[in-house]
Amino acid sequence: MWGTVVLIRKISFLVLSFFLMNSSVRANESVWLWPEDYQQMLNYAGMFDDASYSFGARRPNSEDCSSLIQKLFSLVGIEMPRSSREQAQDGRFEEIPLEQMRAGDLVFFRNTWRRGISHVAFMLDEQTMIHSSPRSRSVARSQLTSRHPLWRKIHSVRRWKQSVNPHYIRPRFSWDDKV
């Protein structure tokens with residue numbers, strides 16, 4: 001029974017990932033993120049709980065930190081660069097003070113396995129992050145407080161810039177329509 005549930009979850013995840021990766025906004029395009037988009041991303045992040053860690057996400061059903069971020073943003077139609085270093089340099093995000101961190105922000109860490117930016121996490125709320133952790137060998141939720149081992153390695157907190165006029169009507173997709 002449990003094996004069937006896991007298999008269905010993996011197949012659903014693969015189909016959704018394929019669909020989303022083929023319908024995303026390229027890195028040089030702008031899009032407005034709505035509160036509902038963030039909520040979808042937060043809900044979607046839960047599907048990755050306990051997924052296995054694989055550097056470069058080379059194995060099926062495995063993630064590394066930046067591939068997790070790619071998949072979360074692809075849900076709302078945004079194509080992200082591949083590496084955490086490239087994601088940190090993405091001009092569609094703006095740096096914000098650590099004290100203003102909230103759900104949907106990205107936290108970048110330095111000197112985790114190489115010099116410079118080398119790890120990224122997605123904030124689920126003001127203190128809880130989800131990231132693909134080589135230490136736990138899986139996608140894990142952690143409380144990002146001053147007691148966390150990564151706290152002193154925080155490089156920056158970045159938030160999606162709202163660069164499109166918010167008064168435009170939100171595009172509707174077939175899966176948004178209530179029948």
# chains A, B, ... in the order shown; residues from 1 in each chain; ligands from 1
>>> residues_around(residues="Arg102 (chain A)", least_positions_apart="6", cutoff="12 Å", atoms="only C-alpha atoms", output="short mmCIF file (atom, residue, chain, number, x, y, z; two decimals) with N, CA and C atoms, in the first residue's frame")
data_model
loop_
_atom_site.label_atom_id
_atom_site.label_comp_id
_atom_site.auth_asym_id
_atom_site.auth_seq_id
_atom_site.Cartn_x
_atom_site.Cartn_y
_atom_site.Cartn_z
N TYR A 38 2.81 32.89 -3.94
CA TYR A 38 3.66 32.51 -2.82
C TYR A 38 3.04 31.34 -2.06
N LEU A 42 4.67 27.73 -1.31
CA LEU A 42 4.81 27.17 0.04
C LEU A 42 4.19 25.78 0.11
N ILE A 96 17.50 42.29 0.69
CA ILE A 96 16.74 42.89 1.80
C ILE A 96 17.48 42.61 3.11
N PHE A 122 14.91 28.32 0.71
CA PHE A 122 13.65 29.03 0.50
C PHE A 122 12.98 29.17 1.85
N MET A 123 12.57 30.38 2.19
CA MET A 123 11.95 30.62 3.49
C MET A 123 10.45 30.29 3.43
N LEU A 124 10.00 29.47 4.36
CA LEU A 124 8.59 29.10 4.48
C LEU A 124 7.84 30.08 5.38
N ASP A 125 8.56 30.70 6.29
CA ASP A 125 8.05 31.78 7.13
C ASP A 125 9.26 32.58 7.60
N GLU A 126 9.11 33.39 8.64
CA GLU A 126 10.20 34.27 9.07
C GLU A 126 11.41 33.51 9.61
N GLN A 127 11.24 32.28 10.05
CA GLN A 127 12.35 31.52 10.62
C GLN A 127 12.56 30.14 10.01
N THR A 128 11.58 29.59 9.33
CA THR A 128 11.68 28.23 8.82
C THR A 128 12.11 28.23 7.37
N MET A 129 13.19 27.51 7.09
CA MET A 129 13.65 27.39 5.71
C MET A 129 13.52 25.94 5.28
N LEU A 144 15.99 28.67 10.99
CA LEU A 144 17.17 29.48 10.72
C LEU A 144 17.27 30.54 11.82
N VAL A 157 19.96 37.88 1.87
CA VAL A 157 18.55 37.50 1.75
C VAL A 157 18.03 38.29 0.56
N ARG A 158 17.37 37.59 -0.35
CA ARG A 158 16.91 38.25 -1.57
C ARG A 158 15.43 37.96 -1.80
N ARG A 159 14.73 38.97 -2.32
CA ARG A 159 13.28 38.89 -2.55
C ARG A 159 13.00 39.27 -3.99
N TRP A 160 12.00 38.62 -4.55
CA TRP A 160 11.56 38.91 -5.93
C TRP A 160 11.15 40.37 -6.03
#
>>> closest_residue(among="A:Ser156, A:Arg114, A:Pro81, A:Ser52", to="Glu99 (chain A)", atoms="only C-alpha atoms")
A:Ser156
>>> atom_distance(atom1="CA of Asn43 (chain A)", atom2="CA of Ala121 (chain A)")
15.5 Å
>>> atom_distance(atom1="CA of Gln143 (chain A)", atom2="CA of Gln40 (chain A)")
21.0 Å
>>> atom_distance(atom1="CA of Pro134 (chain A)", atom2="CA of Cys65 (chain A)")
8.9 Å
>>> closest_residue(among="A:Thr112, A:Met41, A:Phe48, A:Asp64", to="Gly77 (chain A)", atoms="only C-alpha atoms")
A:Met41
>>> closest_residue(among="A:Arg147, A:Gly104, A:Ser66, A:Ser84", to="Tyr44 (chain A)", atoms="only C-alpha atoms")
A:Gly104
>>> closest_residue(among="A:Ala45, A:Ala88, A:Glu63, A:Asp37", to="Arg137 (chain A)", atoms="only C-alpha atoms")
A:Glu63
>>> residues_around(residues="region 108-111 of chain A", least_positions_apart="5", cutoff="6 Å", atoms="only C-alpha atoms", output="list in words")
Gly116, Ile117, Ser118, His119, Val120, Lys153, Ile154, His155 and Ser156 of chain A
>>> write_last_selection(atoms="N, CA and C atoms", output="PDB file, in the first residue's frame")
ATOM      1  N   GLY A 116      32.806  31.420  -1.640  1.00  0.00           N
ATOM      2  CA  GLY A 116      31.745  32.220  -2.238  1.00  0.00           C
ATOM      3  C   GLY A 116      30.387  31.595  -1.999  1.00  0.00           C
ATOM      4  N   ILE A 117      29.394  32.109  -2.708  1.00  0.00           N
ATOM      5  CA  ILE A 117      28.019  31.612  -2.548  1.00  0.00           C
ATOM      6  C   ILE A 117      27.957  30.162  -3.017  1.00  0.00           C
ATOM      7  N   SER A 118      27.438  29.307  -2.131  1.00  0.00           N
ATOM      8  CA  SER A 118      27.449  27.880  -2.447  1.00  0.00           C
ATOM      9  C   SER A 118      26.211  27.131  -1.956  1.00  0.00           C
ATOM     10  N   HIS A 119      25.228  27.846  -1.411  1.00  0.00           N
ATOM     11  CA  HIS A 119      24.022  27.173  -0.925  1.00  0.00           C
ATOM     12  C   HIS A 119      22.874  28.180  -0.908  1.00  0.00           C
ATOM     13  N   VAL A 120      21.652  27.687  -1.115  1.00  0.00           N
ATOM     14  CA  VAL A 120      20.465  28.539  -1.105  1.00  0.00           C
ATOM     15  C   VAL A 120      19.322  27.793  -0.419  1.00  0.00           C
ATOM     16  N   LYS A 153      27.073  31.787   8.120  1.00  0.00           N
ATOM     17  CA  LYS A 153      27.454  31.717   6.715  1.00  0.00           C
ATOM     18  C   LYS A 153      26.461  32.430   5.796  1.00  0.00           C
ATOM     19  N   ILE A 154      25.467  33.110   6.386  1.00  0.00           N
ATOM     20  CA  ILE A 154      24.499  33.833   5.563  1.00  0.00           C
ATOM     21  C   ILE A 154      25.228  34.909   4.771  1.00  0.00           C
ATOM     22  N   HIS A 155      25.023  34.880   3.473  1.00  0.00           N
ATOM     23  CA  HIS A 155      25.595  35.900   2.586  1.00  0.00           C
ATOM     24  C   HIS A 155      24.586  37.021   2.363  1.00  0.00           C
ATOM     25  N   SER A 156      23.351  36.638   1.999  1.00  0.00           N
ATOM     26  CA  SER A 156      22.327  37.642   1.711  1.00  0.00           C
ATOM     27  C   SER A 156      20.942  37.010   1.730  1.00  0.00           C
TER      28      SER A 156
END
>>> closest_residue(among="A:Pro35, A:Phe73, A:Val107, A:Asp49", to="Ser138 (chain A)", atoms="only C-alpha atoms")
A:Asp49
>>> decode(residues="region 33-96 of chain A", atoms="C-alpha atoms", output="compact mmCIF listing (two decimals), in the first residue's frame")
# COMPACT_ATOMS: atom_id res chain seq x y z
CA LEU A 33 4.10 37.53 -8.03
CA TRP A 34 0.79 37.56 -6.22
CA PRO A 35 0.14 36.37 -2.65
CA GLU A 36 -1.57 33.30 -4.11
CA ASP A 37 1.64 32.50 -6.04
CA TYR A 38 3.66 32.51 -2.82
CA GLN A 39 1.05 30.31 -1.15
CA GLN A 40 1.24 27.82 -4.05
CA MET A 41 5.04 27.78 -3.71
CA LEU A 42 4.81 27.17 0.04
CA ASN A 43 2.36 24.31 -0.49
CA TYR A 44 4.45 22.85 -3.32
CA ALA A 45 7.59 22.95 -1.16
CA GLY A 46 5.96 20.38 1.10
CA MET A 47 6.01 17.86 -1.73
CA PHE A 48 9.81 17.84 -1.51
CA ASP A 49 10.03 16.95 2.18
CA ASP A 50 12.50 14.09 2.63
CA ALA A 51 13.43 13.91 -1.08
CA SER A 52 16.98 12.60 -1.29
CA TYR A 53 19.93 14.94 -1.75
CA SER A 54 22.14 14.49 -4.80
CA PHE A 55 24.81 17.01 -5.77
CA GLY A 56 23.80 18.38 -9.17
CA ALA A 57 20.44 16.58 -8.79
CA ARG A 58 21.79 13.86 -11.05
CA ARG A 59 19.61 11.03 -9.74
CA PRO A 60 15.86 10.73 -10.36
CA ASN A 61 13.72 12.08 -7.51
CA SER A 62 16.68 13.83 -5.94
CA GLU A 63 17.45 17.48 -5.38
CA ASP A 64 20.29 19.79 -4.65
CA CYS A 65 19.70 23.24 -3.19
CA SER A 66 19.47 25.18 -6.45
CA SER A 67 17.34 22.59 -8.29
CA LEU A 68 14.83 22.81 -5.44
CA ILE A 69 14.64 26.59 -5.94
CA GLN A 70 14.28 26.12 -9.71
CA LYS A 71 11.30 23.82 -9.23
CA LEU A 72 9.59 26.04 -6.65
CA PHE A 73 9.77 29.09 -8.92
CA SER A 74 8.81 27.09 -12.02
CA LEU A 75 5.46 26.45 -10.32
CA VAL A 76 4.59 30.13 -10.83
CA GLY A 77 6.13 30.23 -14.30
CA ILE A 78 9.58 31.62 -13.50
CA GLU A 79 12.72 30.08 -14.95
CA MET A 80 15.64 30.32 -12.54
CA PRO A 81 19.36 29.97 -13.23
CA ARG A 82 20.88 26.58 -12.38
CA SER A 83 23.41 27.30 -9.62
CA SER A 84 23.00 29.06 -6.27
CA ARG A 85 25.73 31.53 -7.29
CA GLU A 86 23.84 32.43 -10.49
CA GLN A 87 20.56 32.64 -8.59
CA ALA A 88 22.11 35.09 -6.12
CA GLN A 89 23.18 37.31 -9.03
CA ASP A 90 19.75 37.26 -10.71
CA GLY A 91 18.72 40.90 -11.19
CA ARG A 92 15.04 40.09 -10.74
CA PHE A 93 15.69 39.82 -7.00
CA GLU A 94 16.62 42.58 -4.59
CA GLU A 95 18.62 42.27 -1.42
CA ILE A 96 16.74 42.89 1.80
